[in-house]
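S.K.: I'd like to ask some things about the structure below.
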Amino acid sequence: MSNLIVFDSSVLIDQIRTNRYLDRMLNLTGVVRNSAVMLAELWRGATTPVDRQVIQELEERHPILTPTEKNWLESGRILAKIFADKGYEPEKLRDLHFDVLISLTARSHGAKLITSNRADFELIREYREFELEVW
């Protein structure tokens with residue numbers, strides 16, 4: 001397994017707003033990579049100049065991993081299975097889509113995904129295995 005780490009936006013949003021994970025982040029062993037999808041989620045929710053500055057610095061300091069064509073197609077198949085198994089509404093599937101893409105991108109690079117969104121990412125792992133750490 002590689003020593004790459006990818007954060008989900010849930011951890012970074014908590015960190016930006018509350019500094020909750022500073023100690024854990026400072027003590028990480030591994031190389032941080034950004035998910036393009038995660039950065040898009042952060043930009044979508046950026047409401048202050050400080051938010052935008054933090055996101056800009058993330059972009060500049062850590063290389064960005066993007067979903068491949070295979071990741072996009074597989075994400076659709078996984079969401080179709082989740083719909084068939086769980087009967088989720090389209091809104092929930094839309095909410096899950098970015099998380100599935102982040103998971104598949106991390107998996108493609110052998111990276112560990114770190115999140116504070118246990119429920120959604122453990123659900124995704126029922127359909128495709130990837131290394132997950134929940135904070």
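Just so we're on the same page: first chain in the structure tokens is A, next is B, and so on; residues restart at 1 for each chain, and ligands are numbered from 1 in the order they show up.
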Using only C-alpha atoms, determine which residues lie at most 9 Å from Tyr127 (chain A), disregarding the query and same-chain residues fewer than 5 positions distant; provide the list as a JSON list (two decimals) with N, CA and C atoms, in the first residue's frame.
M.R.:
```json
[["chain", "number", "residue", "atom", "x", "y", "z"],
["A", 78, "ILE", "N", -21.86, 1.91, -9.30],
["A", 78, "ILE", "CA", -22.00, 1.75, -7.84],
["A", 78, "ILE", "C", -23.28, 2.44, -7.36],
["A", 81, "LYS", "N", -26.27, 0.38, -8.13],
["A", 81, "LYS", "CA", -26.41, -0.74, -7.19],
["A", 81, "LYS", "C", -26.95, -0.25, -5.84],
["A", 82, "ILE", "N", -26.45, 0.88, -5.38],
["A", 82, "ILE", "CA", -26.94, 1.43, -4.11],
["A", 82, "ILE", "C", -28.43, 1.74, -4.23]]
```
S.K.: Neighbours of region 8-14 of chain A within 8 Å (only C-alpha atoms; same-chain residues fewer than 3 positions away dropped), as a compact mmCIF listing (two decimals) with N, CA and C atoms, in the first residue's frame?
M.R.:
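The result, written out as selection_31.txt:
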```txt
# COMPACT_ATOMS: atom_id res chain seq x y z
N ARG A 17 -13.05 25.45 9.95
CA ARG A 17 -13.98 26.15 10.83
C ARG A 17 -13.61 26.09 12.31
N THR A 18 -13.01 24.97 12.75
CA THR A 18 -12.83 24.78 14.20
C THR A 18 -11.41 24.44 14.63
N ASN A 19 -10.51 24.16 13.65
CA ASN A 19 -9.16 23.73 13.97
C ASN A 19 -9.14 22.40 14.74
N ARG A 20 -10.20 21.65 14.61
CA ARG A 20 -10.44 20.41 15.37
C ARG A 20 -9.37 19.34 15.15
N TYR A 21 -8.82 19.25 13.96
CA TYR A 21 -7.93 18.14 13.62
C TYR A 21 -6.47 18.54 13.49
N MET A 38 -12.89 16.81 -4.17
CA MET A 38 -12.94 17.41 -2.84
C MET A 38 -12.70 18.92 -2.91
N LEU A 39 -11.74 19.33 -3.73
CA LEU A 39 -11.49 20.77 -3.87
C LEU A 39 -12.70 21.47 -4.46
N GLU A 41 -15.78 20.58 -4.05
CA GLU A 41 -16.75 20.69 -2.95
C GLU A 41 -16.40 21.86 -2.03
N LEU A 42 -15.13 22.01 -1.73
CA LEU A 42 -14.71 23.12 -0.87
C LEU A 42 -14.99 24.46 -1.53
N ASP A 99 -18.72 11.64 -3.16
CA ASP A 99 -18.01 10.77 -2.22
C ASP A 99 -17.55 9.48 -2.90
N ILE A 102 -14.51 10.45 -4.99
CA ILE A 102 -13.33 10.64 -4.14
C ILE A 102 -12.77 9.28 -3.71
N LEU A 113 -8.05 7.14 2.42
CA LEU A 113 -9.01 8.23 2.47
C LEU A 113 -9.35 8.52 3.92
N ILE A 114 -9.23 9.76 4.33
CA ILE A 114 -9.56 10.17 5.70
C ILE A 114 -10.80 11.04 5.65
N THR A 115 -11.81 10.70 6.46
CA THR A 115 -13.08 11.41 6.49
C THR A 115 -13.62 11.46 7.90
N SER A 116 -14.59 12.35 8.12
CA SER A 116 -15.37 12.30 9.36
C SER A 116 -16.81 11.90 9.04
N ASN A 117 -17.05 11.52 7.80
CA ASN A 117 -18.37 11.12 7.33
C ASN A 117 -18.45 9.59 7.29
N TRP A 135 -12.15 9.93 11.24
CA TRP A 135 -11.77 10.77 12.38
C TRP A 135 -13.00 11.28 13.09
```
S.K.: Which is closer to Asn71 (chain A) than all the others in A:Ala119, A:Leu101, A:Ala36, A:Leu22, using only C-alpha atoms?
M.R.: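 So, comparing all the options, the nearest one is A:Leu101.
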S.K.: Set the distance at 8 Å and use only C-alpha atoms: which residues neighbour His97 (chain A) once local chain neighbours fewer than 3 positions away are removed? I'd like the list as a list in words.
M.R.: Ser75, Gly76, Leu79, Leu93, Arg94, Val100 and Leu101 of chain A
S.K.: Go through A:Ile16, A:Leu28, A:Leu65, A:Leu132 and flag the residue nearest Thr48 (chain A), using only C-alpha atoms for the distances.
M.R.: A:Ile16
S.K.: When DSSP works through the backbone of this structure, what residues of chain A end up as helix (DSSP H, G or I), shown as a VMD selection string?
M.R.: chain A and resid 9 to 18 22 to 26 36 to 45 49 to 61 69 to 86 90 to 108 118 to 125
S.K.: Of the candidates A:Ser2, A:Gln15, A:Thr47, A:Thr68, which one gets nearest to Arg33 (chain A) if we count only C-alpha atoms?
M.R.: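 Residue with the minimum atom-to-atom distance to Arg33 (chain A): A:Ser2.
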